[in-house]
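Have a look at target24.csv below; it lists CSV, C-alpha atoms.
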```
chain,number,residue,atom,x,y,z
A,1,SER,CA,17.3,-35.0,46.7
A,2,ALA,CA,21.0,-34.8,46.9
A,3,SER,CA,21.5,-37.7,44.6
A,4,HIS,CA,19.2,-36.1,41.9
A,5,ALA,CA,21.2,-32.8,42.2
A,6,ASP,CA,24.4,-34.8,41.8
A,7,PHE,CA,23.0,-36.4,38.7
A,8,PHE,CA,22.1,-33.1,37.0
A,9,ALA,CA,25.5,-31.7,38.0
A,10,MET,CA,27.3,-34.6,36.3
A,11,CYS,CA,25.1,-34.1,33.2
A,12,GLU,CA,26.4,-30.5,33.0
A,13,ILE,CA,30.0,-31.7,33.6
A,14,LYS,CA,29.7,-34.2,30.7
A,15,SER,CA,28.5,-31.4,28.4
A,16,LEU,CA,32.0,-29.9,28.9
A,17,THR,CA,34.1,-33.1,28.7
A,18,SER,CA,33.7,-36.7,27.7
A,19,ARG,CA,36.8,-37.8,29.7
A,20,LYS,CA,35.8,-39.7,32.8
A,21,ASP,CA,38.9,-38.9,34.8
A,22,ILE,CA,38.4,-35.1,34.4
A,23,ALA,CA,34.6,-35.4,35.0
A,24,LYS,CA,35.2,-37.2,38.3
A,25,ARG,CA,37.8,-34.7,39.5
A,26,VAL,CA,35.4,-31.9,38.9
A,27,PHE,CA,32.5,-33.7,40.4
A,28,MET,CA,34.1,-34.8,43.7
A,29,PRO,CA,34.3,-31.4,45.4
A,30,THR,CA,30.8,-30.5,44.4
A,31,ALA,CA,29.0,-33.8,45.3
A,32,LEU,CA,26.1,-33.1,47.7
A,33,PHE,CA,25.5,-36.8,48.7
A,34,ARG,CA,27.2,-37.5,52.0
A,35,LEU,CA,29.9,-39.8,50.6
A,36,GLU,CA,31.7,-40.1,54.0
A,37,LYS,CA,28.6,-42.0,55.3
A,38,TRP,CA,29.3,-44.8,52.8
A,39,PRO,CA,32.9,-45.9,53.3
A,40,GLY,CA,34.2,-47.9,50.4
A,41,LYS,CA,31.2,-47.1,48.2
A,42,ALA,CA,32.1,-43.5,47.1
A,43,GLU,CA,33.8,-44.7,43.9
A,44,ASP,CA,30.8,-46.9,43.0
A,45,TYR,CA,28.4,-43.9,43.5
A,46,ILE,CA,30.5,-41.6,41.4
A,47,GLU,CA,31.0,-44.3,38.7
A,48,THR,CA,27.2,-45.0,38.6
A,49,THR,CA,26.4,-41.3,38.4
A,50,PHE,CA,28.9,-40.8,35.5
A,51,ILE,CA,27.4,-43.8,33.6
A,52,ASN,CA,23.8,-42.7,34.0
A,53,ALA,CA,24.4,-39.0,33.4
A,54,LYS,CA,23.8,-37.9,29.8
A,55,ALA,CA,25.3,-34.7,28.4
A,56,PRO,CA,22.5,-32.2,27.4
A,57,GLN,CA,22.1,-31.6,23.7
A,58,ARG,CA,23.5,-28.1,24.1
A,59,ARG,CA,27.1,-27.5,25.1
A,60,ILE,CA,27.9,-24.5,27.2
A,61,LEU,CA,29.4,-22.1,24.7
A,62,ASP,CA,32.4,-19.9,25.6
A,63,ILE,CA,32.4,-17.5,22.8
A,64,GLU,CA,35.9,-16.2,23.7
A,65,SER,CA,37.3,-19.7,22.9
A,66,CYS,CA,36.0,-19.3,19.4
A,67,PHE,CA,38.3,-16.4,18.5
A,68,VAL,CA,41.6,-17.1,16.8
A,69,ARG,CA,44.1,-15.3,18.9
A,70,ASN,CA,47.7,-14.4,17.8
A,71,GLU,CA,49.1,-16.6,20.6
A,72,LYS,CA,47.5,-19.6,18.9
A,73,GLU,CA,49.3,-18.9,15.7
A,74,GLY,CA,52.6,-20.7,14.7
A,75,ASP,CA,53.9,-23.6,12.7
A,76,ASP,CA,51.3,-26.3,12.0
A,77,VAL,CA,52.1,-29.6,13.6
A,78,PHE,CA,51.3,-32.6,11.3
A,79,ALA,CA,51.3,-36.2,12.5
A,80,ILE,CA,51.0,-37.9,9.1
A,81,SER,CA,52.3,-37.1,5.6
A,82,TRP,CA,51.8,-39.1,2.4
A,83,HIS,CA,54.4,-38.5,-0.3
A,84,GLY,CA,55.3,-35.2,1.5
A,85,ILE,CA,51.7,-33.9,1.7
A,86,PRO,CA,50.2,-33.4,5.2
A,87,VAL,CA,47.2,-35.7,5.7
A,88,GLY,CA,46.9,-36.1,9.5
A,89,LYS,CA,47.0,-33.7,12.5
A,90,PRO,CA,46.2,-34.1,16.2
A,91,GLY,CA,42.7,-33.1,17.1
A,92,ASN,CA,41.4,-34.0,13.6
A,93,ILE,CA,40.0,-36.9,11.5
A,94,THR,CA,41.6,-38.3,8.4
A,95,VAL,CA,39.4,-40.3,6.0
A,96,VAL,CA,40.7,-43.2,3.9
A,97,ARG,CA,38.2,-44.2,1.3
A,98,GLY,CA,38.0,-46.7,-1.6
A,99,LEU,CA,35.9,-49.4,-3.2
A,100,MET,CA,35.7,-52.8,-1.5
A,101,LYS,CA,38.9,-54.9,-1.4
A,102,VAL,CA,41.2,-52.3,-3.0
A,103,GLY,CA,43.6,-52.2,-0.1
A,104,LYS,CA,42.3,-49.7,2.5
A,105,THR,CA,43.2,-52.1,5.4
A,106,HIS,CA,46.8,-52.7,4.0
A,107,PHE,CA,47.2,-48.9,3.7
A,108,VAL,CA,46.2,-48.1,7.3
A,109,HIS,CA,48.4,-51.0,8.6
A,110,ALA,CA,51.3,-49.5,6.6
A,111,LEU,CA,50.5,-46.2,8.3
A,112,ALA,CA,50.7,-47.9,11.7
A,113,ALA,CA,54.0,-49.5,10.6
A,114,SER,CA,55.5,-46.1,9.9
A,115,ALA,CA,54.6,-45.1,13.5
A,116,VAL,CA,56.2,-48.1,15.3
A,117,ALA,CA,59.1,-48.9,12.9
A,118,LYS,CA,62.6,-48.4,14.5
A,119,GLY,CA,64.3,-47.9,11.2
A,120,GLU,CA,63.7,-47.5,7.5
A,121,CYS,CA,61.0,-49.6,5.8
A,122,ASP,CA,58.5,-49.6,3.0
A,123,THR,CA,55.4,-47.8,4.3
A,124,LEU,CA,53.8,-47.0,0.9
A,125,GLY,CA,55.0,-43.4,1.0
A,126,ILE,CA,53.5,-42.7,4.4
A,127,SER,CA,55.5,-40.8,7.0
A,128,VAL,CA,54.4,-40.5,10.7
A,129,SER,CA,56.0,-38.1,13.2
A,130,LYS,CA,57.3,-40.2,16.0
A,131,GLU,CA,57.5,-37.1,18.2
A,132,ILE,CA,53.8,-36.8,18.0
A,133,ILE,CA,52.6,-40.4,17.5
A,134,LYS,CA,54.1,-42.7,20.2
A,135,ARG,CA,51.3,-45.2,20.6
A,136,VAL,CA,48.7,-46.5,18.1
A,137,ALA,CA,45.4,-48.5,18.4
A,138,ILE,CA,43.8,-50.2,15.5
A,139,ILE,CA,40.1,-51.0,15.8
A,140,ASP,CA,38.7,-53.4,13.1
A,141,THR,CA,35.0,-53.7,12.8
A,142,GLU,CA,34.8,-56.2,10.0
A,143,GLN,CA,37.5,-58.9,10.5
A,144,ASP,CA,37.9,-61.5,13.2
A,145,GLN,CA,40.9,-62.4,15.4
A,146,ARG,CA,42.4,-64.7,12.8
A,147,ASP,CA,42.3,-62.1,10.0
A,148,ILE,CA,43.9,-59.5,12.4
A,149,GLN,CA,46.7,-61.9,13.3
A,150,TYR,CA,47.5,-62.1,9.6
A,151,HIS,CA,47.8,-58.3,9.4
A,152,ARG,CA,49.9,-58.3,12.5
A,153,ARG,CA,52.4,-60.7,10.8
A,154,VAL,CA,52.4,-58.5,7.7
A,155,LEU,CA,53.2,-55.4,9.8
A,156,ARG,CA,56.1,-57.2,11.5
A,157,ARG,CA,57.6,-58.3,8.1
A,158,ARG,CA,57.1,-54.7,6.8
A,159,ILE,CA,59.1,-53.2,9.7
A,160,GLY,CA,61.8,-56.0,9.5
A,161,VAL,CA,61.2,-57.9,12.7
A,162,ASP,CA,60.4,-61.6,13.3
A,163,VAL,CA,56.7,-62.5,13.1
A,164,THR,CA,56.9,-63.7,16.7
A,165,ASP,CA,58.6,-60.6,18.1
A,166,THR,CA,56.7,-58.2,20.3
A,167,VAL,CA,56.2,-54.8,18.7
A,168,GLU,CA,55.9,-52.0,21.2
A,169,GLY,CA,53.5,-49.0,20.8
A,170,ILE,CA,50.6,-50.7,19.0
A,171,ASP,CA,47.5,-52.5,20.1
A,172,TYR,CA,44.9,-54.3,18.0
A,173,LEU,CA,41.2,-54.6,18.8
A,174,THR,CA,38.3,-56.2,16.9
A,175,PHE,CA,34.7,-54.9,17.4
A,176,ARG,CA,33.3,-57.6,15.1
A,177,GLY,CA,30.3,-59.1,16.7
A,178,LEU,CA,29.4,-56.0,18.7
A,179,GLY,CA,26.0,-54.3,18.1
A,180,ARG,CA,26.3,-51.1,16.1
A,181,GLU,CA,25.1,-49.2,19.2
A,182,GLU,CA,28.0,-50.6,21.2
A,183,HIS,CA,30.8,-49.4,18.9
A,184,MET,CA,31.0,-45.8,20.1
A,185,ARG,CA,30.8,-46.9,23.7
A,186,GLY,CA,33.6,-49.3,23.0
A,187,LEU,CA,35.8,-46.5,21.8
A,188,GLN,CA,34.9,-44.4,24.8
A,189,LEU,CA,35.8,-47.3,27.1
A,190,LEU,CA,39.2,-47.7,25.4
A,191,LEU,CA,40.0,-44.1,25.9
A,192,GLU,CA,39.0,-44.3,29.6
A,193,ARG,CA,41.0,-47.4,30.0
A,194,GLN,CA,44.1,-45.8,28.7
A,195,GLU,CA,44.0,-43.3,31.6
A,196,LYS,CA,43.8,-46.1,34.1
A,197,HIS,CA,46.7,-48.1,32.5
A,198,GLU,CA,48.7,-45.1,31.5
A,199,ARG,CA,48.9,-46.3,27.9
A,200,ARG,CA,47.9,-43.1,26.1
A,201,TYR,CA,47.1,-43.4,22.4
A,202,ASP,CA,48.2,-40.6,20.1
A,203,MET,CA,46.6,-42.2,17.0
A,204,ILE,CA,43.6,-44.4,16.7
A,205,ILE,CA,42.7,-46.1,13.4
A,206,ILE,CA,39.1,-47.3,12.9
A,207,ASP,CA,39.0,-49.7,10.0
A,208,GLY,CA,35.3,-49.7,9.1
A,209,ILE,CA,33.7,-46.5,10.5
A,210,THR,CA,30.2,-47.2,9.0
A,211,ASP,CA,29.7,-49.9,11.7
A,212,PHE,CA,29.6,-47.1,14.3
A,213,VAL,CA,26.2,-45.8,13.0
A,214,PRO,CA,23.0,-47.8,13.0
A,215,ASP,CA,22.0,-46.6,9.5
A,216,ILE,CA,24.5,-44.9,7.1
A,217,LEU,CA,21.5,-43.1,5.4
A,218,ASP,CA,20.3,-41.6,8.7
A,219,SER,CA,21.5,-38.0,8.5
A,220,LYS,CA,20.8,-37.2,12.2
A,221,ALA,CA,22.7,-40.3,13.5
A,222,SER,CA,25.6,-39.6,11.1
A,223,SER,CA,25.9,-36.0,12.1
A,224,LYS,CA,25.8,-37.0,15.8
A,225,LEU,CA,28.5,-39.6,15.3
A,226,VAL,CA,30.8,-37.2,13.6
A,227,THR,CA,30.2,-34.6,16.2
A,228,ASP,CA,30.9,-37.1,19.0
A,229,LEU,CA,34.1,-38.2,17.2
A,230,GLU,CA,35.2,-34.5,16.9
A,231,THR,CA,34.7,-34.0,20.6
A,232,LEU,CA,36.8,-37.1,21.5
A,233,VAL,CA,39.7,-36.2,19.2
A,234,VAL,CA,39.8,-32.7,20.6
A,235,ASP,CA,39.4,-33.8,24.3
A,236,TYR,CA,42.2,-36.4,23.9
A,237,ASN,CA,44.3,-34.6,21.2
A,238,LEU,CA,44.0,-37.6,19.0
A,239,THR,CA,44.9,-38.2,15.4
A,240,LEU,CA,42.0,-40.3,14.2
A,241,VAL,CA,42.1,-42.2,10.9
A,242,VAL,CA,38.9,-43.9,9.6
A,243,THR,CA,38.3,-46.1,6.6
A,244,ILE,CA,35.0,-46.0,4.6
A,245,HIS,CA,33.8,-47.6,1.4
A,246,LYS,CA,33.1,-45.5,-1.7
A,247,ASN,CA,29.8,-45.8,-3.6
A,248,ILE,CA,29.5,-48.4,-6.4
A,249,GLY,CA,27.9,-47.3,-9.6
A,250,THR,CA,28.3,-44.9,-12.5
A,251,GLY,CA,28.6,-41.3,-11.4
A,252,ALA,CA,28.9,-42.1,-7.7
A,253,ARG,CA,32.5,-43.3,-7.6
A,254,ASP,CA,33.8,-40.0,-6.2
A,255,SER,CA,31.7,-40.1,-3.0
A,256,SER,CA,31.8,-42.1,0.2
A,257,ARG,CA,28.9,-44.2,1.3
A,258,GLY,CA,25.9,-42.7,2.9
A,259,HIS,CA,25.4,-39.6,5.0
A,260,ILE,CA,28.2,-40.7,7.3
A,261,GLY,CA,30.6,-40.5,4.4
A,262,SER,CA,29.4,-37.1,3.4
A,263,GLU,CA,29.8,-35.8,7.0
A,264,LEU,CA,33.3,-37.2,7.3
A,265,GLU,CA,34.4,-35.8,4.0
A,266,ARG,CA,33.1,-32.4,5.0
A,267,LYS,CA,34.6,-32.4,8.5
A,268,GLY,CA,37.8,-34.4,7.8
A,269,PHE,CA,41.2,-32.8,7.8
A,270,ALA,CA,42.1,-34.9,4.7
A,271,VAL,CA,40.5,-37.4,2.4
A,272,ILE,CA,42.8,-40.1,0.9
A,273,ASP,CA,41.6,-42.1,-2.1
A,274,ILE,CA,42.9,-45.7,-2.4
A,275,GLY,CA,42.7,-47.6,-5.7
```
Represent the supplied structure as structure tokens.
Amino acid sequence: SASHADFFAMCEIKSLTSRKDIAKRVFMPTALFRLEKWPGKAEDYIETTFINAKAPQRRILDIESCFVRNEKEGDDVFAISWHGIPVGKPGNITVVRGLMKVGKTHFVHALAASAVAKGECDTLGISVSKEIIKRVAIIDTEQDQRDIQYHRRVLRRRIGVDVTDTVEGIDYLTFRGLGREEHMRGLQLLLERQEKHERRYDMIIIDGITDFVPDILDSKASSKLVTDLETLVVDYNLTLVVTIHKNIGTGARDSSRGHIGSELERKGFAVIDIG
């Protein structure tokens, strides 16, 4: 049927992009279902088709896009530096790791402060390019609303404004209480929402990335999560910063927890040790 053909067409489109706005624009001219017969319901049909469609495991490979061409060469553009060393770049993932309660959350909030501060302030040696990073979202998977309010006040003090002042360019979210299988969907919805509200994020900080995978020792789930994150950061040209705990125990202090930690360290643009 036409609706089945549309479903498989949307699956193929989603194999090329995870962005809903782009997928819909590509889908509209090719839809076989007679949308004009259903006034007012076309958007619902397209939305339902997008939600139900799953990208096939394969991605259509354009081998030409894999070549490094001369026209792609030039000065590297870095979004984040720490004591003068580049540690963050659009389209890449930066990993911040450390043992429990050593200050990873304070570090990433200082990073966010560097992005939104109007003047000089103490950001623990972190420098963020304001030409690249204009809006930040912080997603916390472990702390509740009250704890996050505390960190918001600390950030305001750090950048030298009153704790009651509104700070432009930063949003806070808590995913605490969500099922682990809902975290990735929540991130995707946030990125889709930014298109609707024209509040584009240049950097997203995920404080507690292990909550995005059902089992940190599941190698397949960990690999899939990192691949999905890589797709999102490239599609949206994001600078993504994630925090993760290090292993506890003799001989394991130099590695991040689980397969998810190994995958992130292997694929990350930079790994920052705290503590």
* Go through A:Lys89, A:Leu124, A:Leu173, A:Leu16 and flag the residue nearest Asp144 (chain A), using all atoms listed in the file for the distances. =>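 Selected residue with least distance to Asp144 (chain A): A:Leu173.
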* Of the candidates A:Val234, A:Ala112, A:Ala2, A:Ile248, which shows the shortest atom-to-atom distance to Lys130 (chain A), using only C-alpha atoms? ->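 Closest to Lys130 (chain A), using only C-alpha atoms: A:Ala112.
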* Asked: So which residues fall inside 7 Å of (49.1, -49.4, 20.6) if we count all atoms listed in the file? Mind giving them as an NGL selection string?
  -> :A and (135-137 or 169-172 or 201)
* To do: For CA of Glu142 (chain A) and CA of Asp207 (chain A), quote the distance in Å rounded to one decimal.
  =>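 Spanning CA of Glu142 (chain A) to CA of Asp207 (chain A) is a straight-line distance of 7.7 Å.
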* Using only C-alpha atoms, which residue out of A:Val95, A:Ile46, A:Val68, A:Leu232 lies closest to Arg19 (chain A)? ->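 Using only C-alpha atoms, the shortest distance to Arg19 (chain A) belongs to A:Leu232.
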* To do: Tell me, as a VMD selection string, which residues lie within 12 Å of Lys14 (chain A), counting only C-alpha atoms; anything in the same chain fewer than 2 positions away does not count.
  => chain A and resid 7 to 12 16 to 27 49 to 60 231 to 232 235
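CA of Leu111 (chain A) is positioned 27.9 Å from CA of Pro214 (chain A).
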* Please provide the set of residues having any atom within 12 Å of His183 (chain A), restricted to all atoms listed in the file, with same-chain residues fewer than 2 positions apart removed, written as a PyMOL selection string. => chain A and resi 139-142+173-181+185-190+206+208-214+225+229
* Around (38.7, -36.4, 11.7) in the file's own coordinates, what residues are found within 6 Å if you use all atoms listed in the file, given back as a list in words? ->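 Those within range, by chain then number, are Asn92, Ile93, Thr94, Leu240, Gly268 and Phe269 of chain A.
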* **Atomic distance CA of Glu43 (chain A) - CA of Thr30 (chain A), expressed in Å with one decimal** =>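 Spanning CA of Glu43 (chain A) to CA of Thr30 (chain A) is a straight-line distance of 14.5 Å.
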